[in-house]
Amino acid sequence: MEIVWYGHSCFRFIERGMAAVVTDPYDSDVIGYEPLRLRADIVTVSHDTPGHNFISAVKGTTHKLTGPGEFEIGGVFITGVQTDYNGKKNADKPRNTLFLFDFDGLTVVHLGDLAQVPSQSEVEALGTVNVALVPVGGGNGLNAAKAAEVISLLEPNIVIPMHYEHPASKLSLDPLEKFLKEMGLTTHETVPMLKVTHSGLPDETKVVVLDIASS
């Protein structure tokens with residue numbers, strides 16, 4: 001499976017013979033980054049704000065998932081789990097939905113704008129997580145310290161940070177380096193995309209930083 005990052009919280013997952021997925025497409029006029037021009041069978045929206053809900057940027061979409069539930073689409077099993085926005089039951093603010101994707105036993109969780117560390121029971125309900133896409137830059141999502149705590153609970157094989165300060169972004173978020181320091185990393189390299197296989201999963205949690213791809 002290939003995982004490509006387009007900035008902020010937007011990724012595309014491609015696995016041969018299965019539905020293509022795009023997560024949290026953004027409105028570049030509001031968020032920054034390059035305008036998105038993507039194609040996918042499935043689009044997921046973690047919450048209804050311009051940084052995460054610009055579905056019209058993704059063509060060819062047959063399924064739009066914007067809330068909790070269990071779905072099987074094009075060979076991909078998807079579980080949407082609702083979390084309270086900023087941990088408060090406030091009707092005036094959108095709720096966050098994290099999505100767990102199962103590509104024939106290879107699992108990816110996209111945490112959206114998760115703001116609070118989940119409980120142990122909530123973590124256990126997700127099961128095994130191979131790849132975790134984690135907000136790390138604060139704002140309405142996890143800050144560096146909380147992100148590290150969530151990762152220690154999930155124990156994924158691979159972590160890909162998202163939702164952090166970037167020169168192409170208009171948002172005021174914490175820099176990636178703050179999270180890397182929290183994870184005990186002093187250096188890092190970026191890769192254009194991540195190819196994930198069952199046999200290639202590391203035994204210990206590894207942080208992978210992705211370059212922004214052009215759409």
# chains A, B, ... in the order shown; residues from 1 in each chain; ligands from 1
>>> residues_around(residues="Pro50 (chain A)", least_positions_apart="5", cutoff="9 Å", atoms="only C-alpha atoms", output="list of chain:residue names")
A:Pro25, A:Tyr26, A:Asp27, A:Ser28, A:Val30, A:Ile31
>>> write_last_selection(atoms="N, CA and C atoms", output="mmCIF file, in the first residue's frame")
data_model
loop_
_atom_site.group_PDB
_atom_site.id
_atom_site.type_symbol
_atom_site.label_atom_id
_atom_site.label_comp_id
_atom_site.auth_asym_id
_atom_site.auth_seq_id
_atom_site.Cartn_x
_atom_site.Cartn_y
_atom_site.Cartn_z
ATOM 1 N N PRO A 25 -9.700 16.304 2.827
ATOM 2 C CA PRO A 25 -9.271 17.295 1.826
ATOM 3 C C PRO A 25 -9.550 18.711 2.331
ATOM 4 N N TYR A 26 -8.632 19.641 2.042
ATOM 5 C CA TYR A 26 -8.730 20.995 2.584
ATOM 6 C C TYR A 26 -9.025 22.004 1.481
ATOM 7 N N ASP A 27 -9.537 23.154 1.901
ATOM 8 C CA ASP A 27 -9.759 24.296 1.017
ATOM 9 C C ASP A 27 -8.486 25.142 1.058
ATOM 10 N N SER A 28 -7.733 25.142 -0.019
ATOM 11 C CA SER A 28 -6.435 25.828 -0.022
ATOM 12 C C SER A 28 -6.575 27.339 0.149
ATOM 13 N N VAL A 30 -8.344 28.800 2.245
ATOM 14 C CA VAL A 30 -8.423 29.051 3.684
ATOM 15 C C VAL A 30 -7.177 28.553 4.410
ATOM 16 N N ILE A 31 -6.704 27.384 4.026
ATOM 17 C CA ILE A 31 -5.657 26.693 4.772
ATOM 18 C C ILE A 31 -4.264 26.970 4.232
#
>>> select_by_dssp(residues="region 7-180 of chain A", states="helix (DSSP H, G or I)", output="NGL selection string")
:A and (28-31 or 55-57 or 85-87 or 120-126 or 144-154 or 176-180)
>>> write_last_selection(atoms="C-alpha atoms", output="compact mmCIF listing (two decimals), in the first residue's frame")
# COMPACT_ATOMS: atom_id res chain seq x y z
CA SER A 28 -6.43 25.83 -0.02
CA ASP A 29 -7.93 29.35 -0.07
CA VAL A 30 -8.42 29.05 3.68
CA ILE A 31 -5.66 26.69 4.77
CA ILE A 55 -14.82 17.11 -0.76
CA SER A 56 -15.25 18.86 -4.12
CA ALA A 57 -11.44 18.79 -4.55
CA TYR A 85 -14.24 18.00 19.84
CA ASN A 86 -11.85 19.37 22.47
CA GLY A 87 -13.19 16.71 24.81
CA GLN A 120 -7.39 2.60 27.43
CA SER A 121 -10.72 0.96 26.51
CA GLU A 122 -11.06 3.22 23.46
CA VAL A 123 -7.55 2.29 22.37
CA GLU A 124 -8.19 -1.41 22.84
CA ALA A 125 -11.36 -1.14 20.74
CA LEU A 126 -9.26 -0.08 17.76
CA ALA A 144 3.39 17.34 20.76
CA ALA A 145 3.21 15.95 24.30
CA LYS A 146 -0.31 14.56 23.91
CA ALA A 147 0.58 13.12 20.51
CA ALA A 148 3.49 11.23 22.06
CA GLU A 149 1.18 9.94 24.78
CA VAL A 150 -1.37 8.71 22.26
CA ILE A 151 1.37 6.96 20.30
CA SER A 152 2.56 5.18 23.43
CA LEU A 153 -0.98 3.89 23.94
CA LEU A 154 -1.60 2.85 20.32
CA LEU A 176 7.28 19.48 13.61
CA GLU A 177 10.55 19.68 15.54
CA LYS A 178 8.67 20.08 18.82
CA PHE A 179 7.03 16.69 18.27
CA LEU A 180 10.25 15.03 17.13
>>> residues_around(residues="Val129 (chain A)", least_positions_apart="6", cutoff="9 Å", atoms="only C-alpha atoms", output="number ranges by chain")
A: 100, 106-109, 154-158
>>> residues_around(residues="region 4-15 of chain A", least_positions_apart="6", cutoff="6 Å", atoms="only C-alpha atoms", output="PyMOL selection string")
chain A and resi 21-25+162-163+193+212-213
>>> residues_around(residues="Phe71 (chain A)", least_positions_apart="5", cutoff="12 Å", atoms="only C-alpha atoms", output="number ranges by chain")
A: 42, 44, 63-66, 76-81, 99-102
>>> write_last_selection(atoms="N, CA and C atoms", output="mmCIF file, in the first residue's frame")
data_model
loop_
_atom_site.group_PDB
_atom_site.id
_atom_site.type_symbol
_atom_site.label_atom_id
_atom_site.label_comp_id
_atom_site.auth_asym_id
_atom_site.auth_seq_id
_atom_site.Cartn_x
_atom_site.Cartn_y
_atom_site.Cartn_z
ATOM 1 N N ILE A 42 -13.192 6.812 -2.249
ATOM 2 C CA ILE A 42 -13.711 7.111 -0.908
ATOM 3 C C ILE A 42 -13.060 8.385 -0.385
ATOM 4 N N THR A 44 -12.971 10.584 3.305
ATOM 5 C CA THR A 44 -13.396 10.674 4.696
ATOM 6 C C THR A 44 -13.158 12.088 5.210
ATOM 7 N N HIS A 63 -18.143 7.338 -2.493
ATOM 8 C CA HIS A 63 -18.539 7.232 -1.087
ATOM 9 C C HIS A 63 -17.910 8.359 -0.285
ATOM 10 N N LYS A 64 -18.743 9.090 0.436
ATOM 11 C CA LYS A 64 -18.290 10.185 1.298
ATOM 12 C C LYS A 64 -18.651 9.833 2.738
ATOM 13 N N LEU A 65 -17.646 9.648 3.574
ATOM 14 C CA LEU A 65 -17.865 9.240 4.963
ATOM 15 C C LEU A 65 -17.555 10.415 5.872
ATOM 16 N N THR A 66 -18.566 10.863 6.608
ATOM 17 C CA THR A 66 -18.413 12.075 7.417
ATOM 18 C C THR A 66 -18.749 11.849 8.889
ATOM 19 N N VAL A 76 -12.030 -2.483 1.246
ATOM 20 C CA VAL A 76 -11.475 -1.803 2.416
ATOM 21 C C VAL A 76 -12.522 -1.785 3.530
ATOM 22 N N PHE A 77 -12.143 -2.244 4.703
ATOM 23 C CA PHE A 77 -13.023 -2.162 5.872
ATOM 24 C C PHE A 77 -12.690 -0.873 6.627
ATOM 25 N N ILE A 78 -13.701 -0.075 6.919
ATOM 26 C CA ILE A 78 -13.496 1.230 7.539
ATOM 27 C C ILE A 78 -14.377 1.342 8.776
ATOM 28 N N THR A 79 -13.773 1.777 9.870
ATOM 29 C CA THR A 79 -14.515 2.027 11.102
ATOM 30 C C THR A 79 -14.340 3.485 11.494
ATOM 31 N N GLY A 80 -15.454 4.211 11.591
ATOM 32 C CA GLY A 80 -15.427 5.594 12.043
ATOM 33 C C GLY A 80 -15.834 5.670 13.504
ATOM 34 N N VAL A 81 -15.017 6.311 14.319
ATOM 35 C CA VAL A 81 -15.270 6.413 15.755
ATOM 36 C C VAL A 81 -15.348 7.887 16.129
ATOM 37 N N PHE A 99 -10.861 7.636 11.813
ATOM 38 C CA PHE A 99 -11.184 6.526 10.916
ATOM 39 C C PHE A 99 -10.068 5.489 10.935
ATOM 40 N N LEU A 100 -10.470 4.228 11.100
ATOM 41 C CA LEU A 100 -9.557 3.096 11.033
ATOM 42 C C LEU A 100 -9.812 2.357 9.725
ATOM 43 N N PHE A 101 -8.767 2.205 8.917
ATOM 44 C CA PHE A 101 -8.868 1.548 7.620
ATOM 45 C C PHE A 101 -8.140 0.208 7.689
ATOM 46 N N ASP A 102 -8.795 -0.834 7.185
ATOM 47 C CA ASP A 102 -8.197 -2.168 7.162
ATOM 48 C C ASP A 102 -8.076 -2.611 5.709
#
>>> residues_around(residues="Val208 (chain A)", least_positions_apart="4", cutoff="8 Å", atoms="only C-alpha atoms", output="VMD selection string")
chain A and resid 158 to 161 189 to 191
>>> atom_distance(atom1="CA of Ser215 (chain A)", atom2="CA of Arg39 (chain A)")
9.3 Å
>>> select_by_dssp(residues="chain A", states="strand (DSSP E)", output="NGL selection string")
:A and (2-5 or 11-14 or 21-23 or 38-39 or 42-44 or 58-59 or 63-65 or 69-73 or 76-83 or 96-103 or 106-110 or 131-135 or 158-162 or 190-191 or 194-195 or 206-207 or 209-210)
>>> atom_distance(atom1="CA of His52 (chain A)", atom2="CA of Thr97 (chain A)")
11.1 Å
